[in-house]
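**Student:** Provided below: upload17.cif, containing mmCIF, C-alpha atoms.
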```
data_start
loop_
_atom_site.group_PDB
_atom_site.id
_atom_site.type_symbol
_atom_site.label_atom_id
_atom_site.label_comp_id
_atom_site.auth_asym_id
_atom_site.auth_seq_id
_atom_site.Cartn_x
_atom_site.Cartn_y
_atom_site.Cartn_z
ATOM 1 C CA MET E 4 -12.882 1.413 20.441
ATOM 2 C CA ASN E 5 -12.976 0.282 16.855
ATOM 3 C CA GLN E 6 -10.244 -0.790 14.566
ATOM 4 C CA TYR E 7 -9.894 1.139 11.338
ATOM 5 C CA GLU E 8 -7.846 1.000 8.220
ATOM 6 C CA THR E 9 -7.104 4.034 6.095
ATOM 7 C CA VAL E 10 -5.585 3.968 2.639
ATOM 8 C CA ILE E 11 -4.160 7.309 1.595
ATOM 9 C CA ILE E 12 -2.942 8.278 -1.872
ATOM 10 C CA PHE E 13 -0.446 11.141 -1.806
ATOM 11 C CA THR E 14 0.644 13.161 -4.822
ATOM 12 C CA PRO E 15 3.664 11.716 -6.636
ATOM 13 C CA VAL E 16 5.504 15.057 -6.436
ATOM 14 C CA LEU E 17 6.008 14.634 -2.683
ATOM 15 C CA SER E 18 9.650 14.023 -1.721
ATOM 16 C CA ASP E 19 10.674 11.247 0.652
ATOM 17 C CA ASP E 20 11.345 13.670 3.496
ATOM 18 C CA ASP E 21 7.985 15.335 3.013
ATOM 19 C CA MET E 22 6.338 11.924 2.950
ATOM 20 C CA LYS E 23 7.914 10.960 6.265
ATOM 21 C CA ARG E 24 6.937 14.260 7.814
ATOM 22 C CA THR E 25 3.303 14.023 6.748
ATOM 23 C CA GLU E 26 3.058 10.393 7.856
ATOM 24 C CA GLU E 27 4.518 11.307 11.214
ATOM 25 C CA ALA E 28 2.096 14.221 11.472
ATOM 26 C CA TYR E 29 -0.907 11.955 10.859
ATOM 27 C CA LYS E 30 0.357 9.367 13.308
ATOM 28 C CA ASP E 31 0.858 12.050 15.947
ATOM 29 C CA PHE E 32 -2.619 13.336 15.209
ATOM 30 C CA LEU E 33 -4.064 9.866 15.752
ATOM 31 C CA ARG E 34 -2.167 9.351 18.991
ATOM 32 C CA SER E 35 -3.203 12.733 20.356
ATOM 33 C CA ASN E 36 -6.842 11.878 19.658
ATOM 34 C CA GLY E 37 -6.846 8.651 21.608
ATOM 35 C CA GLY E 38 -5.808 6.406 18.769
ATOM 36 C CA GLU E 39 -3.322 3.607 18.757
ATOM 37 C CA ILE E 40 -1.334 2.646 15.655
ATOM 38 C CA VAL E 41 -1.535 -1.065 14.922
ATOM 39 C CA ALA E 42 0.358 -1.231 11.669
ATOM 40 C CA GLU E 43 1.435 0.774 8.661
ATOM 41 C CA GLU E 44 2.313 -0.190 5.149
ATOM 42 C CA HIS E 45 4.197 1.617 2.397
ATOM 43 C CA TRP E 46 3.283 0.641 -1.093
ATOM 44 C CA GLY E 47 5.355 3.364 -2.693
ATOM 45 C CA LEU E 48 4.695 4.914 -6.065
ATOM 46 C CA LYS E 49 1.976 3.093 -7.970
ATOM 47 C CA GLN E 50 0.233 3.558 -11.264
ATOM 48 C CA LEU E 51 -3.366 4.674 -10.786
ATOM 49 C CA ALA E 52 -6.099 2.888 -12.688
ATOM 50 C CA TYR E 53 -7.413 6.281 -13.775
ATOM 51 C CA ASN E 54 -6.261 9.859 -13.398
ATOM 52 C CA ILE E 55 -7.005 11.684 -10.168
ATOM 53 C CA LYS E 56 -6.486 15.445 -10.193
ATOM 54 C CA LYS E 57 -4.627 15.027 -13.493
ATOM 55 C CA LYS E 58 -2.079 12.703 -11.893
ATOM 56 C CA SER E 59 -1.538 9.212 -13.245
ATOM 57 C CA THR E 60 0.568 7.938 -10.324
ATOM 58 C CA GLY E 61 0.300 8.178 -6.568
ATOM 59 C CA ILE E 62 2.116 7.206 -3.378
ATOM 60 C CA TYR E 63 0.046 4.674 -1.459
ATOM 61 C CA TYR E 64 0.169 4.502 2.300
ATOM 62 C CA VAL E 65 -1.920 2.255 4.538
ATOM 63 C CA LEU E 66 -2.514 2.923 8.234
ATOM 64 C CA GLU E 67 -4.204 0.526 10.607
ATOM 65 C CA TYR E 68 -5.211 1.894 13.977
ATOM 66 C CA LYS E 69 -7.547 1.544 16.906
ATOM 67 C CA GLY E 70 -9.481 4.468 18.197
ATOM 68 C CA PRO E 71 -12.763 5.946 19.392
ATOM 69 C CA SER E 72 -15.488 6.293 16.796
ATOM 70 C CA ASP E 73 -15.119 10.061 16.405
ATOM 71 C CA ILE E 74 -11.506 9.721 15.311
ATOM 72 C CA THR E 75 -12.314 9.021 11.667
ATOM 73 C CA GLY E 76 -14.316 12.198 11.250
ATOM 74 C CA LYS E 77 -11.493 14.270 12.683
ATOM 75 C CA LEU E 78 -9.020 12.526 10.424
ATOM 76 C CA ASP E 79 -11.215 13.142 7.376
ATOM 77 C CA ILE E 80 -11.078 16.878 8.033
ATOM 78 C CA GLN E 81 -7.285 16.716 8.154
ATOM 79 C CA PHE E 82 -7.149 14.875 4.850
ATOM 80 C CA ASN E 83 -9.525 17.259 3.165
ATOM 81 C CA ARG E 84 -7.369 20.191 4.274
ATOM 82 C CA ASP E 85 -4.195 18.568 3.000
ATOM 83 C CA GLU E 86 -3.499 19.355 -0.647
ATOM 84 C CA ASN E 87 -1.004 16.516 -0.926
ATOM 85 C CA VAL E 88 -3.692 13.905 -0.434
ATOM 86 C CA LEU E 89 -5.204 12.811 -3.729
ATOM 87 C CA ARG E 90 -7.646 10.397 -2.175
ATOM 88 C CA PHE E 91 -8.263 8.490 1.029
ATOM 89 C CA ALA E 92 -10.643 5.830 2.281
ATOM 90 C CA THR E 93 -11.256 4.740 5.849
ATOM 91 C CA ILE E 94 -12.816 1.374 6.542
ATOM 92 C CA ARG E 95 -13.934 -0.085 9.845
ATOM 93 C CA LEU E 96 -12.488 -3.541 10.267
ATOM 94 C CA ASP E 97 -14.596 -6.441 11.510
ATOM 95 C CA LYS E 98 -13.241 -9.524 13.228
ATOM 96 C CA TYR E 99 -12.585 -11.324 9.947
ATOM 97 C CA SER E 100 -10.618 -8.495 8.421
ATOM 98 C CA ILE E 101 -8.592 -7.975 11.608
ATOM 99 C CA ASP E 102 -7.747 -11.648 11.547
ATOM 100 C CA TYR E 103 -6.924 -11.459 7.831
ATOM 101 C CA ASN E 104 -4.617 -8.488 8.285
ATOM 102 C CA GLU E 105 -2.777 -10.173 11.135
ATOM 103 C CA ARG E 106 -2.231 -13.301 9.128
ATOM 104 C CA LYS E 107 -1.126 -11.232 6.162
ATOM 105 C CA ARG E 108 1.457 -9.509 8.313
ATOM 106 C CA ARG E 109 2.764 -12.885 9.424
ATOM 107 C CA GLY E 110 3.075 -13.839 5.771
ATOM 108 C CA GLU E 111 0.465 -16.571 5.851
ATOM 109 C CA ILE E 112 -1.552 -15.210 2.955
ATOM 110 C CA GLY E 113 -0.596 -15.273 -0.676
ATOM 111 C CA ARG E 114 0.885 -17.636 -3.148
ATOM 112 C CA ASN E 115 3.978 -18.474 -1.107
ATOM 113 C CA ALA E 116 2.072 -19.089 2.107
ATOM 114 C CA LYS E 117 2.705 -22.445 3.640
ATOM 115 C CA THR E 118 0.500 -22.313 6.682
ATOM 116 C CA GLY E 119 -2.363 -20.258 5.319
ATOM 117 C CA ALA E 120 -6.022 -20.749 6.102
ATOM 118 C CA HIS E 121 -6.473 -22.864 3.018
ATOM 119 C CA ALA E 122 -3.723 -25.283 4.001
ATOM 120 C CA ALA E 123 -4.963 -25.336 7.585
ATOM 121 C CA ASN E 124 -8.485 -26.084 6.405
ATOM 122 C CA LYS E 125 -7.244 -28.869 4.207
ATOM 123 C CA LEU E 126 -5.288 -30.344 7.078
ATOM 124 C CA ASN E 127 -8.321 -30.171 9.335
ATOM 125 C CA LYS E 128 -10.492 -31.833 6.742
ATOM 126 C CA GLU E 129 -7.972 -34.588 6.248
ATOM 127 C CA LYS E 130 -7.806 -35.098 9.976
ATOM 128 C CA GLU E 131 -11.587 -35.307 10.209
ATOM 129 C CA LYS E 132 -11.608 -37.823 7.421
ATOM 130 C CA ALA E 133 -8.942 -39.896 9.080
ATOM 131 C CA GLU E 134 -10.863 -39.851 12.342
ATOM 132 C CA ALA E 135 -14.105 -40.804 10.608
ATOM 133 C CA MET J 9 -30.862 -52.405 -39.851
ATOM 134 C CA ALA J 10 -27.486 -50.985 -40.722
ATOM 135 C CA VAL J 11 -28.962 -47.556 -41.244
ATOM 136 C CA GLY J 12 -30.346 -47.419 -37.696
ATOM 137 C CA LYS J 13 -26.879 -47.954 -36.316
ATOM 138 C CA ASN J 14 -25.486 -45.040 -38.250
ATOM 139 C CA ILE J 15 -28.039 -42.506 -37.127
ATOM 140 C CA ARG J 16 -28.102 -43.442 -33.498
ATOM 141 C CA TYR J 17 -26.512 -40.173 -32.403
ATOM 142 C CA LEU J 18 -28.296 -37.388 -34.175
ATOM 143 C CA ALA J 19 -27.286 -34.931 -31.473
ATOM 144 C CA ALA J 20 -23.654 -34.883 -30.465
ATOM 145 C CA PRO J 21 -23.171 -37.003 -27.373
ATOM 146 C CA LYS J 22 -22.441 -34.966 -24.249
ATOM 147 C CA LEU J 23 -18.818 -35.118 -23.327
ATOM 148 C CA GLY J 24 -18.750 -35.672 -19.619
ATOM 149 C CA MET J 25 -21.103 -34.237 -17.046
ATOM 150 C CA MET J 26 -21.578 -30.510 -16.638
ATOM 151 C CA ARG J 27 -19.320 -29.424 -13.824
ATOM 152 C CA LYS J 28 -21.247 -27.991 -10.916
ATOM 153 C CA LYS J 29 -20.367 -24.429 -9.957
ATOM 154 C CA TYR J 30 -19.386 -23.762 -6.405
ATOM 155 C CA CYS J 31 -18.598 -20.832 -4.193
ATOM 156 C CA ARG J 32 -14.851 -20.712 -3.838
ATOM 157 C CA PHE J 33 -15.048 -18.718 -0.613
ATOM 158 C CA LYS J 34 -17.251 -21.250 1.087
ATOM 159 C CA LYS J 35 -15.150 -24.083 -0.208
ATOM 160 C CA SER J 36 -11.787 -22.748 0.900
ATOM 161 C CA GLY J 37 -13.028 -21.007 4.036
ATOM 162 C CA ILE J 38 -12.182 -17.428 3.089
ATOM 163 C CA LYS J 39 -14.055 -15.050 5.386
ATOM 164 C CA TYR J 40 -12.768 -11.685 4.256
ATOM 165 C CA ILE J 41 -12.195 -10.393 0.753
ATOM 166 C CA ASP J 42 -9.404 -7.870 0.609
ATOM 167 C CA TYR J 43 -10.094 -4.798 -1.487
ATOM 168 C CA LYS J 44 -6.376 -3.991 -1.488
ATOM 169 C CA ASN J 45 -5.603 -6.973 -3.694
ATOM 170 C CA PRO J 46 -6.694 -6.024 -7.227
ATOM 171 C CA GLU J 47 -5.048 -9.071 -8.847
ATOM 172 C CA PHE J 48 -7.390 -11.350 -6.940
ATOM 173 C CA LEU J 49 -10.432 -9.207 -7.664
ATOM 174 C CA LEU J 50 -9.684 -9.403 -11.381
ATOM 175 C CA LYS J 51 -11.209 -12.875 -11.300
ATOM 176 C CA PHE J 52 -14.602 -11.347 -10.617
ATOM 177 C CA VAL J 53 -14.717 -8.680 -13.297
ATOM 178 C CA ASN J 54 -14.937 -8.901 -17.076
ATOM 179 C CA GLU J 55 -12.697 -7.183 -19.611
ATOM 180 C CA GLN J 56 -14.558 -3.934 -19.218
ATOM 181 C CA GLY J 57 -14.125 -3.988 -15.468
ATOM 182 C CA LYS J 58 -17.739 -4.894 -14.731
ATOM 183 C CA ILE J 59 -18.533 -7.209 -11.860
ATOM 184 C CA LEU J 60 -19.458 -10.684 -13.067
ATOM 185 C CA PRO J 61 -22.899 -11.984 -12.112
ATOM 186 C CA ARG J 62 -23.347 -14.824 -9.701
ATOM 187 C CA ARG J 63 -24.496 -17.140 -12.429
ATOM 188 C CA LEU J 64 -21.030 -16.923 -13.976
ATOM 189 C CA SER J 65 -18.803 -16.693 -10.932
ATOM 190 C CA GLY J 66 -20.749 -19.250 -8.889
ATOM 191 C CA ASN J 67 -20.397 -17.239 -5.678
ATOM 192 C CA SER J 68 -22.944 -17.645 -2.941
ATOM 193 C CA LEU J 69 -25.050 -14.573 -2.281
ATOM 194 C CA LYS J 70 -23.224 -13.744 0.922
ATOM 195 C CA TYR J 71 -19.824 -13.689 -0.750
ATOM 196 C CA GLN J 72 -21.043 -12.098 -3.971
ATOM 197 C CA ARG J 73 -22.066 -9.113 -1.851
ATOM 198 C CA LYS J 74 -18.618 -9.008 -0.297
ATOM 199 C CA VAL J 75 -16.925 -9.317 -3.670
ATOM 200 C CA ALA J 76 -19.024 -6.451 -5.022
ATOM 201 C CA GLN J 77 -18.153 -4.347 -1.979
ATOM 202 C CA ALA J 78 -14.452 -5.103 -2.383
ATOM 203 C CA VAL J 79 -14.442 -4.321 -6.107
ATOM 204 C CA LYS J 80 -16.183 -1.010 -5.486
ATOM 205 C CA ARG J 81 -13.743 -0.032 -2.749
ATOM 206 C CA SER J 82 -10.885 -1.018 -4.984
ATOM 207 C CA ARG J 83 -12.236 1.209 -7.741
ATOM 208 C CA GLN J 84 -12.480 4.124 -5.364
ATOM 209 C CA LEU J 85 -8.785 3.792 -4.574
ATOM 210 C CA ALA J 86 -7.838 3.602 -8.269
ATOM 211 C CA LEU J 87 -6.646 0.029 -7.880
ATOM 212 C CA LEU J 88 -9.277 -1.125 -10.364
ATOM 213 C CA PRO J 89 -10.704 0.999 -13.178
ATOM 214 C CA TYR J 90 -14.334 2.037 -13.346
ATOM 215 C CA VAL J 91 -14.448 1.615 -17.107
ATOM 216 C CA THR J 92 -11.920 0.237 -19.555
ATOM 217 C CA ASP J 93 -11.434 -2.041 -22.472
ATOM 218 C CA LEU J 94 -9.099 -4.981 -22.633
ATOM 219 C CA LEU J 95 -8.485 -5.213 -18.907
ATOM 220 C CA LYS J 96 -7.296 -8.799 -19.219
#
```
Would you write out, as C-alpha cells, the structure that this file holds?
**Tutor:**
Amino acid sequence: MNQYETVIIFTPVLSDDDMKRTEEAYKDFLRSNGGEIVAEEHWGLKQLAYNIKKKSTGIYYVLEYKGPSDITGKLDIQFNRDENVLRFATIRLDKYSIDYNERKRRGEIGRNAKTGAHAANKLNKEKEKAEA
Amino acid sequence: MAVGKNIRYLAAPKLGMMRKKYCRFKKSGIKYIDYKNPEFLLKFVNEQGKILPRRLSGNSLKYQRKVAQAVKRSRQLALLPYVTDLLK
C-alpha cells in the first residue's frame, strides 16, 4: 500500500453536475480497485499558465488516496480515455509529504498558521536555549 | 601630512559585512516542498521562469534538488509557466 496524490485538470466547459459525476466515477473506480480515499480538494476554475488543448482555463481537482501499486496505472488508462481531462499527474507521497498534507488540512501551514512547523521549531529552540 | 589623511580611503569602505547565505529549508525545518503552491515557488525562479541557481538562492544541494523537482511538477500542471517574460 502506497499513498498517492493525483491532480487532475478538467476542461472548463464541464458543468457542475458533470464534474460531480466524473469525480464520483473516479472515486468509485479507486474504491473498486482496492483504493481508499484519504482526501479530496476542489480548486475550481483556474487560469492556466499556458494553453493546454487550446484552453486557457481548467478545473483543478486533487485526490489523495491509498492503494496498491498497480492502481495508478489503471487510473492512468481511465484518464487517457476521458476526453474531459486536460492533464493529470500522479505522485507517490513519502512520509514528509503525507505529514505536510495532514498539517495543511488542519490549517497549520500558510501565512495565517499559528502552530505551524516553523513556530513549533522556534518554540523548541527557545526551550533548548532556556534549558541550556 | 594633511594629504595622507585625505586619501586614506581610495576604495570605498565596505558597508557592513557580507551577509552569509543560508538554506531556508534547513533553517526553518521544512522537509517537503509543495509543488501545488506556485506562489512559494516563485521565490526560486527568475522573471523568465527559470530555476535560480544555488549560488543565488543559497539552498543546500538536498533542497535545491527538491525545489527543482517541485518547480518542474508545477510547470507540468500549468501552475508555473515553462517560458515567459515579466513573471514578477
**Student:** Sort by chain and increasing residue number a table of all residues of chain J within 6 Å of chain E, each with its closest pair of atoms and their distance in Å to one decimal, counting only C-alpha atoms, and write it as a tab-separated table.
**Tutor:**
```
residue	atom	partner	partner_atom	distance
J:Ser36	CA	E:His121	CA	5.7
J:Tyr40	CA	E:Ser100	CA	5.7
J:Ala86	CA	E:Ala52	CA	4.8
J:Leu87	CA	E:Ala52	CA	5.6
J:Leu88	CA	E:Ala52	CA	5.6
J:Pro89	CA	E:Ala52	CA	5.0
```
**Student:** Report as a PyMOL selection string all protein, DNA and RNA residues lying within 7 Å of stretch 31-41 of chain E, evaluated on all atoms listed in the file, omitting residues in the same chain fewer than 4 positions from it.
**Tutor:** chain E and resi 27+67-71+74
**Student:** Using the chain letters and numbers from this file, what does the PyMOL selection byres ((chain J and resi 56) around 6) select? Give the answer as a compact mmCIF listing (two decimals) with C-alpha atoms, keeping the file's coordinate frame.
**Tutor:**
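Result saved to part_28.txt:
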```txt
# COMPACT_ATOMS: atom_id res chain seq x y z
CA ASN J 54 -14.94 -8.90 -17.08
CA GLU J 55 -12.70 -7.18 -19.61
CA GLY J 57 -14.12 -3.99 -15.47
CA LYS J 58 -17.74 -4.89 -14.73
CA VAL J 91 -14.45 1.62 -17.11
CA THR J 92 -11.92 0.24 -19.56
CA ASP J 93 -11.43 -2.04 -22.47
```
**Student:** Just the number, please: distance in Å from atom CA of E:Phe82 to atom CA of E:Glu43, one decimal.
**Tutor:** 16.9 Å
**Student:** With the file shown as input, list the residues that the PyMOL selection byres ((chain J and resi 47) around 12) selects, as a list in words.
**Tutor:**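 Selection result, ordered by chain and number: Gly113 and Arg114 of chain E; Asp42, Tyr43, Lys44, Asn45, Pro46, Phe48, Leu49, Leu50, Lys51, Phe52, Val53, Val79, Ser82, Leu87, Leu88, Leu95 and Lys96 of chain J.
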**Student:** Tell me, in Å to one decimal, how far atom CA of E:Val88 is from atom CA of E:Leu66.
**Tutor:** 14.0 Å
**Student:** For E:Met4, which of E:Thr93, E:Ile80, E:Ala28, E:Thr75 is the closest residue, counting all atoms listed in the file?
**Tutor:**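 So, comparing all the options, the nearest one is E:Thr75.
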**Student:** Taking 5 positions as the minimum chain separation for residues in the same chain, which residues sit within 12 Å of J:Gly66 when counting all atoms listed in the file? Answer as number ranges by chain.
**Tutor:** J: 27-35, 51-52, 60-61, 71-72, 75
**Student:** Quick one: write out the picked residues with C-alpha atoms as a short mmCIF file (atom, residue, chain, number, x, y, z; two decimals), in the coordinates of the input?
**Tutor:**
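Result file selection.cif:
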```cif
data_model
loop_
_atom_site.label_atom_id
_atom_site.label_comp_id
_atom_site.auth_asym_id
_atom_site.auth_seq_id
_atom_site.Cartn_x
_atom_site.Cartn_y
_atom_site.Cartn_z
CA ARG J 27 -19.32 -29.42 -13.82
CA LYS J 28 -21.25 -27.99 -10.92
CA LYS J 29 -20.37 -24.43 -9.96
CA TYR J 30 -19.39 -23.76 -6.40
CA CYS J 31 -18.60 -20.83 -4.19
CA ARG J 32 -14.85 -20.71 -3.84
CA PHE J 33 -15.05 -18.72 -0.61
CA LYS J 34 -17.25 -21.25 1.09
CA LYS J 35 -15.15 -24.08 -0.21
CA LYS J 51 -11.21 -12.88 -11.30
CA PHE J 52 -14.60 -11.35 -10.62
CA LEU J 60 -19.46 -10.68 -13.07
CA PRO J 61 -22.90 -11.98 -12.11
CA TYR J 71 -19.82 -13.69 -0.75
CA GLN J 72 -21.04 -12.10 -3.97
CA VAL J 75 -16.92 -9.32 -3.67
#
```
**Student:** Figure out the distance between atom CA of E:Arg24 and atom CA of E:Gly47, please, to one decimal in Å.
**Tutor:**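 Computing the Euclidean distance for atom CA of E:Gly47 and atom CA of E:Arg24 yields 15.2 Å.
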**Student:** Provide an axis-aligned box for all listed atoms of stretch 36-53 of chain J, padding each side by 8 Å; report its centre and its edge lengths in Å to one decimal, as JSON.
**Tutor:**
```
{"center_x": -9.9, "center_y": -13.4, "center_z": -4.0, "size_x": 25.7, "size_y": 34.8, "size_z": 34.7}
```
**Student:** Closest to E:Tyr64 among E:Asp79, E:Asp85, E:Glu26, E:Asp19, using all atoms listed in the file?
**Tutor:**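 Result for the nearest residue to E:Tyr64: E:Glu26.
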